[in-house]
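Trainee: Let me begin by handing over the structure; questions about it come next.
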Amino acid sequence: MKTCLSLFVALFLSASTFAQEIPARWDELVASDFPKAVEKSSKTCILPIGILEKHGPHSPIGTDLIHVREWAAHAVKSEYAVVFPDYFYGQINEARHQPGTFALPSKIIYELLEATCDEIARNGFDKIVILNGHGGNPEFLHFFMQSLLNKRHNYAVYLYSPENDKDFAKEYRKMHKSPMENDQHAGEGETSTLMYYRPDLMRMDRAATESGADQKRSDLPGLYTPIWWYSSYPNHYAGEGDKATAEFGKFITDHEIASFIKALKEVKADTKTIQLQNEFYDRVDKLNK
């Protein structure tokens, strides 16, 4: 009797462990587990968007992609959602002069992102959270988000934008070593993050072999030109990556993971967005009759 009871307990614990261990990454799921993953995620899919571009002479070309991949992977350990595989089709025309850059035409990246969201939804998800890791994407992504209202969609897209945390910002400034105003691309902050997430990919002995200083080659107050970034940072490097530390990276990533988990919980509990979208689409349809 005891043997049977022990066997039953072992099988129960094994089944429970299996239920908890359904992979979060879309590409690691087996098809027979996919419906379980959709249900477990509350029909929520994270779409981490990075890019392929030079990140100074020391950080990998896929820095932004690796960053959001790791960010999402750490978050879903605490708050389950399905994570879409590596997506690096964003706006990066300003880095086309650097080796390794993968820049597609604007029309293609827009249509590809909408088609990707449509296909995610076709697979059962009605909430898609975009987690962006590339500084050249926000304008494109905001335009994409507003354009979704151009036709009816049976899903909601949420673009995660971290809230301003004064306590974090204060401590960040205290720990930061290089000039804050120039720490934009492959500099101390971003390099520290990758040093924590993927130290094996970093080539820190090369971080100071190129200048990441603002060259200030163009000054047109009140005017925007598409060449503004290149005019300031022809090396596609802005900051001082050699000042980075894994300790600073852990401080940054602990905060970003915790903040995203909070937002992810809010998305999963949200019932208003899709409801309001449908109300909007219904009124548009009524107006056009």
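Residue numbering restarts at 1 in every chain; chains get A, B, ... in the order shown in the structure tokens, and ligands count up from 1 in that same order.
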Can you pull out every residue from segment 57-194 of chain A that DSSP, working from the backbone, puts in alpha helix (DSSP H), and format the result as a PyMOL selection string?

Mentor: chain A and resi 63-75+106-122+138-147+166-175+188-194

Trainee: Report as number ranges by chain all protein, DNA and RNA residues lying within 8 Å of segment 262-271 of chain A, evaluated on only C-alpha atoms, omitting residues in the same chain fewer than 3 positions from it.

Mentor: A: 41-44, 79, 127, 129, 158, 160, 258-259, 274-275

Trainee: At a cut-off of 9 Å, using only C-alpha atoms, what residues contact Tyr237 of chain A? Leave out same-chain residues fewer than 4 positions from it and give the result as number ranges by chain.

Mentor: A: 54-57, 184-187, 210-213, 233, 241

Trainee: Which residues, written as a ChimeraX atom specification, have at least one atom at most 9 Å from Asp118 of chain A, with only C-alpha atoms counted and residues fewer than 6 positions away on the same chain left out?

Mentor: /A:153-155

Trainee: Could the residues in this selection be written to a file with N, CA and C atoms, as a short mmCIF file (atom, residue, chain, number, x, y, z; two decimals), in the first residue's frame?

Mentor:
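Saved as result28.cif:
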data_model
loop_
_atom_site.label_atom_id
_atom_site.label_comp_id
_atom_site.auth_asym_id
_atom_site.auth_seq_id
_atom_site.Cartn_x
_atom_site.Cartn_y
_atom_site.Cartn_z
N HIS A 153 -8.68 45.04 -35.71
CA HIS A 153 -7.83 43.93 -35.29
C HIS A 153 -8.49 43.26 -34.09
N ASN A 154 -8.37 41.95 -34.01
CA ASN A 154 -8.99 41.22 -32.91
C ASN A 154 -8.01 40.98 -31.77
N TYR A 155 -7.01 41.82 -31.69
CA TYR A 155 -6.00 41.72 -30.63
C TYR A 155 -5.54 43.13 -30.26
#

Trainee: What gap, in Å, lies between atom CA of Lys166 of chain A and atom CA of Ile252 of chain A?

Mentor: 13.7 Å
